[in-house]
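J.: Contents are PDB, C-alpha atoms, pLDDT in the B column; file name work38.pdb:
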```
MODEL        1
ATOM      1  CA  THR A   5       0.000   0.000   0.000  1.00 35.00           C
ATOM      2  CA  THR A   6       1.142   3.516  -0.707  1.00 39.00           C
ATOM      3  CA  TRP A   7      -0.115   6.690   0.924  1.00 42.00           C
ATOM      4  CA  PHE A   8      -1.090   9.404  -1.487  1.00 44.00           C
ATOM      5  CA  VAL A   9      -0.503  13.026  -0.729  1.00 46.00           C
ATOM      6  CA  CYS A  10      -1.493  15.816  -3.041  1.00 45.00           C
ATOM      7  CA  LEU A  11       0.871  18.744  -3.259  1.00 46.00           C
ATOM      8  CA  PHE A  12      -1.128  21.698  -4.502  1.00 43.00           C
ATOM      9  CA  VAL A  13       0.222  24.596  -2.507  1.00 43.00           C
ATOM     10  CA  CYS A  14       0.603  27.761  -4.532  1.00 46.00           C
ATOM     11  CA  LEU A  15       4.196  28.584  -3.686  1.00 47.00           C
ATOM     12  CA  SER A  16       4.911  31.116  -6.381  1.00 48.00           C
ATOM     13  CA  VAL A  17       3.676  34.115  -4.414  1.00 48.00           C
ATOM     14  CA  CYS A  18       5.483  33.379  -1.142  1.00 57.00           C
ATOM     15  CA  LEU A  19       8.921  34.314   0.089  1.00 63.00           C
ATOM     16  CA  PHE A  20      11.512  31.549  -0.171  1.00 67.00           C
ATOM     17  CA  TYR A  21      11.652  30.837   3.568  1.00 69.00           C
ATOM     18  CA  ILE A  22       7.852  30.486   3.620  1.00 72.00           C
ATOM     19  CA  GLN A  23       8.044  28.093   0.677  1.00 71.00           C
ATOM     20  CA  ILE A  24      10.591  26.010   2.589  1.00 74.00           C
ATOM     21  CA  ARG A  25       8.338  26.032   5.656  1.00 76.00           C
ATOM     22  CA  VAL A  26       5.365  24.790   3.613  1.00 74.00           C
ATOM     23  CA  CYS A  27       7.472  21.948   2.159  1.00 74.00           C
ATOM     24  CA  TRP A  28       8.581  21.057   5.670  1.00 77.00           C
ATOM     25  CA  TYR A  29       4.963  21.144   6.928  1.00 79.00           C
ATOM     26  CA  ILE A  30       3.948  18.770   4.170  1.00 79.00           C
ATOM     27  CA  MET A  31       6.717  16.291   4.982  1.00 79.00           C
ATOM     28  CA  GLU A  32       6.118  16.573   8.717  1.00 80.00           C
ATOM     29  CA  SER A  33       2.370  16.086   8.407  1.00 80.00           C
ATOM     30  CA  ILE A  34       2.896  12.991   6.264  1.00 80.00           C
ATOM     31  CA  LEU A  35       5.057  11.477   8.988  1.00 81.00           C
ATOM     32  CA  LYS A  36       2.594  12.381  11.741  1.00 80.00           C
ATOM     33  CA  GLU A  37      -0.584  11.295   9.972  1.00 79.00           C
ATOM     34  CA  PHE A  38       0.639   8.103   8.316  1.00 79.00           C
ATOM     35  CA  ASP A  39       2.597   5.652  10.450  1.00 78.00           C
ATOM     36  CA  ASP A  40       3.926   3.701   7.477  1.00 79.00           C
ATOM     37  CA  ALA A  41       4.982   6.695   5.362  1.00 77.00           C
ATOM     38  CA  ALA A  42       8.673   6.299   6.189  1.00 77.00           C
ATOM     39  CA  LYS A  43       8.625   2.586   5.458  1.00 81.00           C
ATOM     40  CA  ILE A  44       6.226   2.359   2.520  1.00 81.00           C
ATOM     41  CA  GLY A  45       6.746   5.708   0.831  1.00 81.00           C
ATOM     42  CA  THR A  46       4.553   8.461  -0.535  1.00 83.00           C
ATOM     43  CA  VAL A  47       3.217   9.302  -3.963  1.00 84.00           C
ATOM     44  CA  PHE A  48       3.021  13.009  -4.805  1.00 83.00           C
ATOM     45  CA  LEU A  49       0.645  14.607  -7.272  1.00 83.00           C
ATOM     46  CA  LEU A  50       1.778  17.911  -8.749  1.00 80.00           C
ATOM     47  CA  TYR A  51      -0.655  20.238 -10.475  1.00 78.00           C
ATOM     48  CA  PRO A  52       1.140  22.978 -12.418  1.00 74.00           C
ATOM     49  CA  ARG A  53      -1.571  23.587 -15.040  1.00 70.00           C
ATOM     50  CA  ASN A  54      -1.850  27.361 -14.584  1.00 69.00           C
ATOM     51  CA  THR A  55       1.695  28.149 -13.503  1.00 69.00           C
ATOM     52  CA  THR A  56       4.077  30.299 -15.479  1.00 68.00           C
ATOM     53  CA  VAL A  57       7.806  30.185 -15.971  1.00 67.00           C
ATOM     54  CA  PHE A  58       8.095  33.001 -13.406  1.00 67.00           C
ATOM     55  CA  SER A  59       6.500  30.905 -10.648  1.00 66.00           C
ATOM     56  CA  PHE A  60       9.161  28.199 -10.935  1.00 68.00           C
ATOM     57  CA  ASN A  61      11.811  28.356  -8.218  1.00 72.00           C
ATOM     58  CA  ARG A  62      14.946  26.314  -8.893  1.00 75.00           C
ATOM     59  CA  ARG A  63      16.179  26.658  -5.295  1.00 78.00           C
ATOM     60  CA  LEU A  64      12.872  25.368  -3.939  1.00 76.00           C
ATOM     61  CA  THR A  65      12.880  22.449  -6.366  1.00 77.00           C
ATOM     62  CA  LYS A  66      16.393  21.509  -5.280  1.00 80.00           C
ATOM     63  CA  PHE A  67      15.488  21.837  -1.608  1.00 79.00           C
ATOM     64  CA  PHE A  68      12.346  19.708  -2.011  1.00 76.00           C
ATOM     65  CA  TYR A  69      14.305  16.788  -3.432  1.00 78.00           C
ATOM     66  CA  GLU A  70      17.101  17.254  -0.880  1.00 81.00           C
ATOM     67  CA  LEU A  71      14.494  17.017   1.893  1.00 76.00           C
ATOM     68  CA  GLU A  72      13.551  13.565   0.672  1.00 75.00           C
ATOM     69  CA  ARG A  73      17.100  12.440   0.042  1.00 78.00           C
ATOM     70  CA  TYR A  74      18.877  13.724   3.162  1.00 81.00           C
ATOM     71  CA  TYR A  75      16.620  15.162   5.852  1.00 78.00           C
ATOM     72  CA  VAL A  76      13.305  13.371   6.322  1.00 76.00           C
ATOM     73  CA  PRO A  77      12.698   9.638   6.437  1.00 80.00           C
ATOM     74  CA  ILE A  78      10.139   9.678   3.628  1.00 78.00           C
ATOM     75  CA  ARG A  79      10.752   8.023   0.314  1.00 78.00           C
ATOM     76  CA  PHE A  80       9.023   9.338  -2.769  1.00 81.00           C
ATOM     77  CA  ARG A  81       7.464   6.275  -4.369  1.00 84.00           C
ATOM     78  CA  GLY A  82       6.241   8.241  -7.320  1.00 85.00           C
ATOM     79  CA  LEU A  83       5.743  11.709  -8.673  1.00 85.00           C
ATOM     80  CA  HIS A  84       2.805  12.367 -10.989  1.00 88.00           C
ATOM     81  CA  LEU A  85       2.583  15.703 -12.767  1.00 83.00           C
ATOM     82  CA  CYS A  86      -1.075  16.210 -13.729  1.00 85.00           C
ATOM     83  CA  HIS A  87      -2.061  18.685 -16.444  1.00 81.00           C
ATOM     84  CA  LYS A  88       1.351  20.063 -17.244  1.00 77.00           C
ATOM     85  CA  SER A  89       1.870  23.723 -17.901  1.00 75.00           C
ATOM     86  CA  PRO A  90       3.021  24.918 -21.337  1.00 73.00           C
ATOM     87  CA  PHE A  91       6.606  25.314 -20.144  1.00 69.00           C
ATOM     88  CA  SER A  92       6.865  21.953 -18.313  1.00 67.00           C
ATOM     89  CA  ASP A  93       8.597  20.044 -21.097  1.00 69.00           C
ATOM     90  CA  ASP A  94      11.092  22.734 -21.993  1.00 70.00           C
ATOM     91  CA  PHE A  95      11.818  24.241 -18.604  1.00 72.00           C
ATOM     92  CA  PHE A  96      10.531  22.533 -15.450  1.00 75.00           C
ATOM     93  CA  THR A  97      10.983  18.848 -16.257  1.00 78.00           C
ATOM     94  CA  PRO A  98      14.688  18.956 -17.248  1.00 81.00           C
ATOM     95  CA  ILE A  99      15.639  20.966 -14.156  1.00 78.00           C
ATOM     96  CA  ALA A 100      13.486  18.878 -11.803  1.00 79.00           C
ATOM     97  CA  LYS A 101      14.850  15.622 -13.208  1.00 82.00           C
ATOM     98  CA  PHE A 102      18.389  16.879 -12.652  1.00 81.00           C
ATOM     99  CA  TYR A 103      17.697  17.231  -8.923  1.00 80.00           C
ATOM    100  CA  MET A 104      15.569  14.083  -8.598  1.00 82.00           C
ATOM    101  CA  GLY A 105      18.238  11.500  -8.923  1.00 80.00           C
ATOM    102  CA  ARG A 106      17.990   8.305 -10.942  1.00 85.00           C
ATOM    103  CA  ARG A 107      15.541   6.421  -8.697  1.00 84.00           C
ATOM    104  CA  LEU A 108      12.899   9.135  -8.711  1.00 83.00           C
ATOM    105  CA  ARG A 109      13.416  10.003 -12.386  1.00 86.00           C
ATOM    106  CA  LEU A 110      12.275   6.479 -13.211  1.00 89.00           C
ATOM    107  CA  ARG A 111       9.118   7.055 -11.133  1.00 88.00           C
ATOM    108  CA  TYR A 112       8.242  10.459 -12.580  1.00 87.00           C
ATOM    109  CA  ARG A 113       5.162  10.485 -14.794  1.00 90.00           C
ATOM    110  CA  ILE A 114       3.444  13.263 -16.721  1.00 86.00           C
ATOM    111  CA  HIS A 115      -0.296  12.975 -17.382  1.00 89.00           C
ATOM    112  CA  ASP A 116      -2.045  15.395 -19.689  1.00 87.00           C
ATOM    113  CA  GLY A 117      -5.393  15.598 -21.442  1.00 87.00           C
ATOM    114  CA  SER A 118      -8.938  15.899 -20.143  1.00 89.00           C
ATOM    115  CA  ASP A 119      -9.694  15.520 -16.437  1.00 88.00           C
ATOM    116  CA  ALA A 120     -11.379  12.172 -17.155  1.00 91.00           C
ATOM    117  CA  HIS A 121      -8.317  10.919 -19.035  1.00 94.00           C
ATOM    118  CA  VAL A 122      -5.921  11.962 -16.261  1.00 90.00           C
ATOM    119  CA  LEU A 123      -8.170  10.341 -13.629  1.00 92.00           C
ATOM    120  CA  GLU A 124      -8.257   7.138 -15.662  1.00 94.00           C
ATOM    121  CA  ILE A 125      -4.466   7.033 -15.898  1.00 94.00           C
ATOM    122  CA  LEU A 126      -4.025   7.790 -12.188  1.00 92.00           C
ATOM    123  CA  ASN A 127      -6.499   5.016 -11.405  1.00 93.00           C
ATOM    124  CA  GLU A 128      -4.253   2.610 -13.337  1.00 94.00           C
ATOM    125  CA  PHE A 129      -1.477   3.577 -10.908  1.00 91.00           C
ATOM    126  CA  GLY A 130      -3.793   2.841  -7.961  1.00 89.00           C
ATOM    127  CA  ILE A 131      -4.588   6.474  -7.230  1.00 88.00           C
ATOM    128  CA  HIS A 132      -8.365   6.602  -6.956  1.00 89.00           C
ATOM    129  CA  SER A 133     -10.592   9.623  -7.536  1.00 89.00           C
ATOM    130  CA  ASP A 134     -11.595   9.843  -3.861  1.00 87.00           C
ATOM    131  CA  THR A 135      -7.978  10.819  -3.047  1.00 84.00           C
ATOM    132  CA  ILE A 136      -7.696  13.372  -5.853  1.00 85.00           C
ATOM    133  CA  PRO A 137      -8.859  16.979  -5.337  1.00 82.00           C
ATOM    134  CA  LYS A 138     -11.962  18.276  -7.059  1.00 82.00           C
ATOM    135  CA  PHE A 139     -10.113  20.876  -9.105  1.00 78.00           C
ATOM    136  CA  ILE A 140      -8.339  18.049 -10.964  1.00 79.00           C
ATOM    137  CA  GLY A 141     -11.590  16.167 -11.399  1.00 83.00           C
ATOM    138  CA  GLY A 142     -11.466  13.943  -8.319  1.00 86.00           C
ATOM    139  CA  GLN A 143     -13.754  13.833  -5.305  1.00 88.00           C
ATOM    140  CA  ALA A 144     -11.524  15.003  -2.424  1.00 83.00           C
ATOM    141  CA  GLU A 145     -12.291  18.390  -0.888  1.00 82.00           C
ATOM    142  CA  LEU A 146      -9.117  20.315   0.000  1.00 76.00           C
ATOM    143  CA  ASP A 147      -8.940  23.314   2.271  1.00 77.00           C
ATOM    144  CA  GLN A 148      -5.325  24.444   2.004  1.00 74.00           C
ATOM    145  CA  ARG A 149      -5.739  27.559   4.126  1.00 78.00           C
ATOM    146  CA  SER A 150      -7.156  25.751   7.146  1.00 82.00           C
ATOM    147  CA  TRP A 151      -4.499  23.051   6.773  1.00 77.00           C
ATOM    148  CA  LEU A 152      -1.728  25.648   6.733  1.00 77.00           C
ATOM    149  CA  GLN A 153      -3.313  27.473   9.687  1.00 82.00           C
ATOM    150  CA  ARG A 154      -3.441  24.194  11.641  1.00 82.00           C
ATOM    151  CA  GLN A 155       0.238  23.549  10.866  1.00 78.00           C
ATOM    152  CA  ARG A 156       1.183  27.023  12.094  1.00 81.00           C
ATOM    153  CA  SER A 157      -0.832  26.518  15.285  1.00 87.00           C
ATOM    154  CA  LEU A 158       0.936  23.232  15.945  1.00 82.00           C
ATOM    155  CA  GLU A 159       4.295  24.900  15.380  1.00 80.00           C
ATOM    156  CA  ALA A 160       3.423  27.749  17.763  1.00 86.00           C
ATOM    157  CA  ALA A 161       2.229  25.293  20.443  1.00 89.00           C
ATOM    158  CA  ALA A 162       5.442  23.287  20.140  1.00 85.00           C
ATOM    159  CA  ALA A 163       7.522  26.459  20.517  1.00 84.00           C
ATOM    160  CA  ARG A 164       5.929  27.316  23.877  1.00 82.00           C
TER
ENDMDL
END
```
Would you mind giving the structure from this file in C-alpha coordinates?
T.:
Amino acid sequence: TTWFVCLFVCLSVCLFYIQIRVCWYIMESILKEFDDAAKIGTVFLLYPRNTTVFSFNRRLTKFFYELERYYVPIRFRGLHLCHKSPFSDDFFTPIAKFYMGRRLRLRYRIHDGSDAHVLEILNEFGIHSDTIPKFIGGQAELDQRSWLQRQRSLEAAAAR
(Lines of atoms letter the chains of each structure in order from A and count residues from 1; the text may use other names and numbers.)
(Lines give C-alpha, C1' and ligand atoms only; values in the text may rest on other atoms or scores of the structure.)
Protein backbone atom coordinates (compact mmCIF):
# COMPACT_ATOMS: atom_id res chain seq x y z
CA THR A 1 0.00 0.00 0.00
CA THR A 2 1.14 3.52 -0.71
CA TRP A 3 -0.11 6.69 0.92
CA PHE A 4 -1.09 9.40 -1.49
CA VAL A 5 -0.50 13.03 -0.73
CA CYS A 6 -1.49 15.82 -3.04
CA LEU A 7 0.87 18.74 -3.26
CA PHE A 8 -1.13 21.70 -4.50
CA VAL A 9 0.22 24.60 -2.51
CA CYS A 10 0.60 27.76 -4.53
CA LEU A 11 4.20 28.58 -3.69
CA SER A 12 4.91 31.12 -6.38
CA VAL A 13 3.68 34.11 -4.41
CA CYS A 14 5.48 33.38 -1.14
CA LEU A 15 8.92 34.31 0.09
CA PHE A 16 11.51 31.55 -0.17
CA TYR A 17 11.65 30.84 3.57
CA ILE A 18 7.85 30.49 3.62
CA GLN A 19 8.04 28.09 0.68
CA ILE A 20 10.59 26.01 2.59
CA ARG A 21 8.34 26.03 5.66
CA VAL A 22 5.36 24.79 3.61
CA CYS A 23 7.47 21.95 2.16
CA TRP A 24 8.58 21.06 5.67
CA TYR A 25 4.96 21.14 6.93
CA ILE A 26 3.95 18.77 4.17
CA MET A 27 6.72 16.29 4.98
CA GLU A 28 6.12 16.57 8.72
CA SER A 29 2.37 16.09 8.41
CA ILE A 30 2.90 12.99 6.26
CA LEU A 31 5.06 11.48 8.99
CA LYS A 32 2.59 12.38 11.74
CA GLU A 33 -0.58 11.29 9.97
CA PHE A 34 0.64 8.10 8.32
CA ASP A 35 2.60 5.65 10.45
CA ASP A 36 3.93 3.70 7.48
CA ALA A 37 4.98 6.69 5.36
CA ALA A 38 8.67 6.30 6.19
CA LYS A 39 8.63 2.59 5.46
CA ILE A 40 6.23 2.36 2.52
CA GLY A 41 6.75 5.71 0.83
CA THR A 42 4.55 8.46 -0.54
CA VAL A 43 3.22 9.30 -3.96
CA PHE A 44 3.02 13.01 -4.80
CA LEU A 45 0.64 14.61 -7.27
CA LEU A 46 1.78 17.91 -8.75
CA TYR A 47 -0.66 20.24 -10.48
CA PRO A 48 1.14 22.98 -12.42
CA ARG A 49 -1.57 23.59 -15.04
CA ASN A 50 -1.85 27.36 -14.58
CA THR A 51 1.70 28.15 -13.50
CA THR A 52 4.08 30.30 -15.48
CA VAL A 53 7.81 30.19 -15.97
CA PHE A 54 8.09 33.00 -13.41
CA SER A 55 6.50 30.91 -10.65
CA PHE A 56 9.16 28.20 -10.93
CA ASN A 57 11.81 28.36 -8.22
CA ARG A 58 14.95 26.31 -8.89
CA ARG A 59 16.18 26.66 -5.29
CA LEU A 60 12.87 25.37 -3.94
CA THR A 61 12.88 22.45 -6.37
CA LYS A 62 16.39 21.51 -5.28
CA PHE A 63 15.49 21.84 -1.61
CA PHE A 64 12.35 19.71 -2.01
CA TYR A 65 14.31 16.79 -3.43
CA GLU A 66 17.10 17.25 -0.88
CA LEU A 67 14.49 17.02 1.89
CA GLU A 68 13.55 13.57 0.67
CA ARG A 69 17.10 12.44 0.04
CA TYR A 70 18.88 13.72 3.16
CA TYR A 71 16.62 15.16 5.85
CA VAL A 72 13.31 13.37 6.32
CA PRO A 73 12.70 9.64 6.44
CA ILE A 74 10.14 9.68 3.63
CA ARG A 75 10.75 8.02 0.31
CA PHE A 76 9.02 9.34 -2.77
CA ARG A 77 7.46 6.27 -4.37
CA GLY A 78 6.24 8.24 -7.32
CA LEU A 79 5.74 11.71 -8.67
CA HIS A 80 2.80 12.37 -10.99
CA LEU A 81 2.58 15.70 -12.77
CA CYS A 82 -1.08 16.21 -13.73
CA HIS A 83 -2.06 18.68 -16.44
CA LYS A 84 1.35 20.06 -17.24
CA SER A 85 1.87 23.72 -17.90
CA PRO A 86 3.02 24.92 -21.34
CA PHE A 87 6.61 25.31 -20.14
CA SER A 88 6.86 21.95 -18.31
CA ASP A 89 8.60 20.04 -21.10
CA ASP A 90 11.09 22.73 -21.99
CA PHE A 91 11.82 24.24 -18.60
CA PHE A 92 10.53 22.53 -15.45
CA THR A 93 10.98 18.85 -16.26
CA PRO A 94 14.69 18.96 -17.25
CA ILE A 95 15.64 20.97 -14.16
CA ALA A 96 13.49 18.88 -11.80
CA LYS A 97 14.85 15.62 -13.21
CA PHE A 98 18.39 16.88 -12.65
CA TYR A 99 17.70 17.23 -8.92
CA MET A 100 15.57 14.08 -8.60
CA GLY A 101 18.24 11.50 -8.92
CA ARG A 102 17.99 8.30 -10.94
CA ARG A 103 15.54 6.42 -8.70
CA LEU A 104 12.90 9.13 -8.71
CA ARG A 105 13.42 10.00 -12.39
CA LEU A 106 12.28 6.48 -13.21
CA ARG A 107 9.12 7.05 -11.13
CA TYR A 108 8.24 10.46 -12.58
CA ARG A 109 5.16 10.48 -14.79
CA ILE A 110 3.44 13.26 -16.72
CA HIS A 111 -0.30 12.97 -17.38
CA ASP A 112 -2.04 15.39 -19.69
CA GLY A 113 -5.39 15.60 -21.44
CA SER A 114 -8.94 15.90 -20.14
CA ASP A 115 -9.69 15.52 -16.44
CA ALA A 116 -11.38 12.17 -17.15
CA HIS A 117 -8.32 10.92 -19.03
CA VAL A 118 -5.92 11.96 -16.26
CA LEU A 119 -8.17 10.34 -13.63
CA GLU A 120 -8.26 7.14 -15.66
CA ILE A 121 -4.47 7.03 -15.90
CA LEU A 122 -4.02 7.79 -12.19
CA ASN A 123 -6.50 5.02 -11.40
CA GLU A 124 -4.25 2.61 -13.34
CA PHE A 125 -1.48 3.58 -10.91
CA GLY A 126 -3.79 2.84 -7.96
CA ILE A 127 -4.59 6.47 -7.23
CA HIS A 128 -8.37 6.60 -6.96
CA SER A 129 -10.59 9.62 -7.54
CA ASP A 130 -11.60 9.84 -3.86
CA THR A 131 -7.98 10.82 -3.05
CA ILE A 132 -7.70 13.37 -5.85
CA PRO A 133 -8.86 16.98 -5.34
CA LYS A 134 -11.96 18.28 -7.06
CA PHE A 135 -10.11 20.88 -9.11
CA ILE A 136 -8.34 18.05 -10.96
CA GLY A 137 -11.59 16.17 -11.40
CA GLY A 138 -11.47 13.94 -8.32
CA GLN A 139 -13.75 13.83 -5.31
CA ALA A 140 -11.52 15.00 -2.42
CA GLU A 141 -12.29 18.39 -0.89
CA LEU A 142 -9.12 20.31 0.00
CA ASP A 143 -8.94 23.31 2.27
CA GLN A 144 -5.33 24.44 2.00
CA ARG A 145 -5.74 27.56 4.13
CA SER A 146 -7.16 25.75 7.15
CA TRP A 147 -4.50 23.05 6.77
CA LEU A 148 -1.73 25.65 6.73
CA GLN A 149 -3.31 27.47 9.69
CA ARG A 150 -3.44 24.19 11.64
CA GLN A 151 0.24 23.55 10.87
CA ARG A 152 1.18 27.02 12.09
CA SER A 153 -0.83 26.52 15.29
CA LEU A 154 0.94 23.23 15.94
CA GLU A 155 4.30 24.90 15.38
CA ALA A 156 3.42 27.75 17.76
CA ALA A 157 2.23 25.29 20.44
CA ALA A 158 5.44 23.29 20.14
CA ALA A 159 7.52 26.46 20.52
CA ARG A 160 5.93 27.32 23.88
J.: Hey, what's within 12 Å of Leu35 (chain A) if we count all atoms listed in the file and toss same-chain stuff fewer than 4 positions away? As a PyMOL selection string, please?
T.: chain A and resi 7+9+28-31+39-46+76-79
J.: Return the single residue from A:Ile114, A:Ser33, A:Phe102, A:Ala120 that is closest to Phe139 (chain A), with distances computed using only C-alpha atoms.
T.: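 That would be A:Ala120, the residue with the smallest distance to Phe139 (chain A).
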J.: Work out how far CA of Tyr75 (chain A) is from CA of Ala163 (chain A), in Å to one decimal.
T.: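 Rounded to one decimal, the two atoms are 20.6 Å apart.
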J.: Which residues fall under the PyMOL selection byres ((chain A and resi 88) around 7) in this file, as a list in words?
T.: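 Selected by the PyMOL selection byres ((chain A and resi 88) around 7) here: Pro52, Arg53, Leu85, Cys86, His87, Ser89, Pro90, Ser92 and Asp116 of chain A.
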J.: For CA of Thr65 (chain A) and CA of Ile99 (chain A), quote the distance in Å rounded to one decimal.
T.: 8.4 Å
J.: Evaluated on this file, the PyMOL selection byres ((chain A and resi 108) around 10) picks out some residues - which ones are they, written as a PyMOL selection string?
T.: chain A and resi 69+79-83+101+103-107+109-113
J.: Nearest residue to Leu158 (chain A) out of A:Phe38, A:Thr97, A:Glu32, A:Arg62, using all atoms listed in the file?
T.: A:Glu32
J.: For the atom pair CA of Ala144 (chain A) and CA of Glu37 (chain A), what is the interatomic distance in Å to one decimal place?
T.: 16.9 Å
J.: Pick from A:Arg164, A:Gln155, A:Phe95, A:Pro137: nearest to Ile34 (chain A), with all atoms listed in the file counted?
T.: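 Under the stated criterion, the closest residue is A:Gln155.
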J.: Kindly indicate which residue among A:Asp134, A:Leu49, A:Leu152, A:Ser157 lies nearest to Gln23 (chain A), using only C-alpha atoms for the distances.
T.: A:Leu152
J.: Step by step: start from the point (-8.8, 20.0, -3.2) in the file's coordinates, keep every protein, DNA or RNA residue that has an atom no farther than 12 Å from it, count all atoms listed in the file, and write the set as a list in words.
T.: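 Here is the list of nearby residues: Val9, Cys10, Leu11, Phe12, Val13, Leu49, Tyr51, Ser133, Asp134, Thr135, Ile136, Pro137, Lys138, Phe139, Ile140, Gly141, Gly142, Gln143, Ala144, Glu145, Leu146, Asp147, Gln148, Arg149, Ser150 and Trp151 of chain A.
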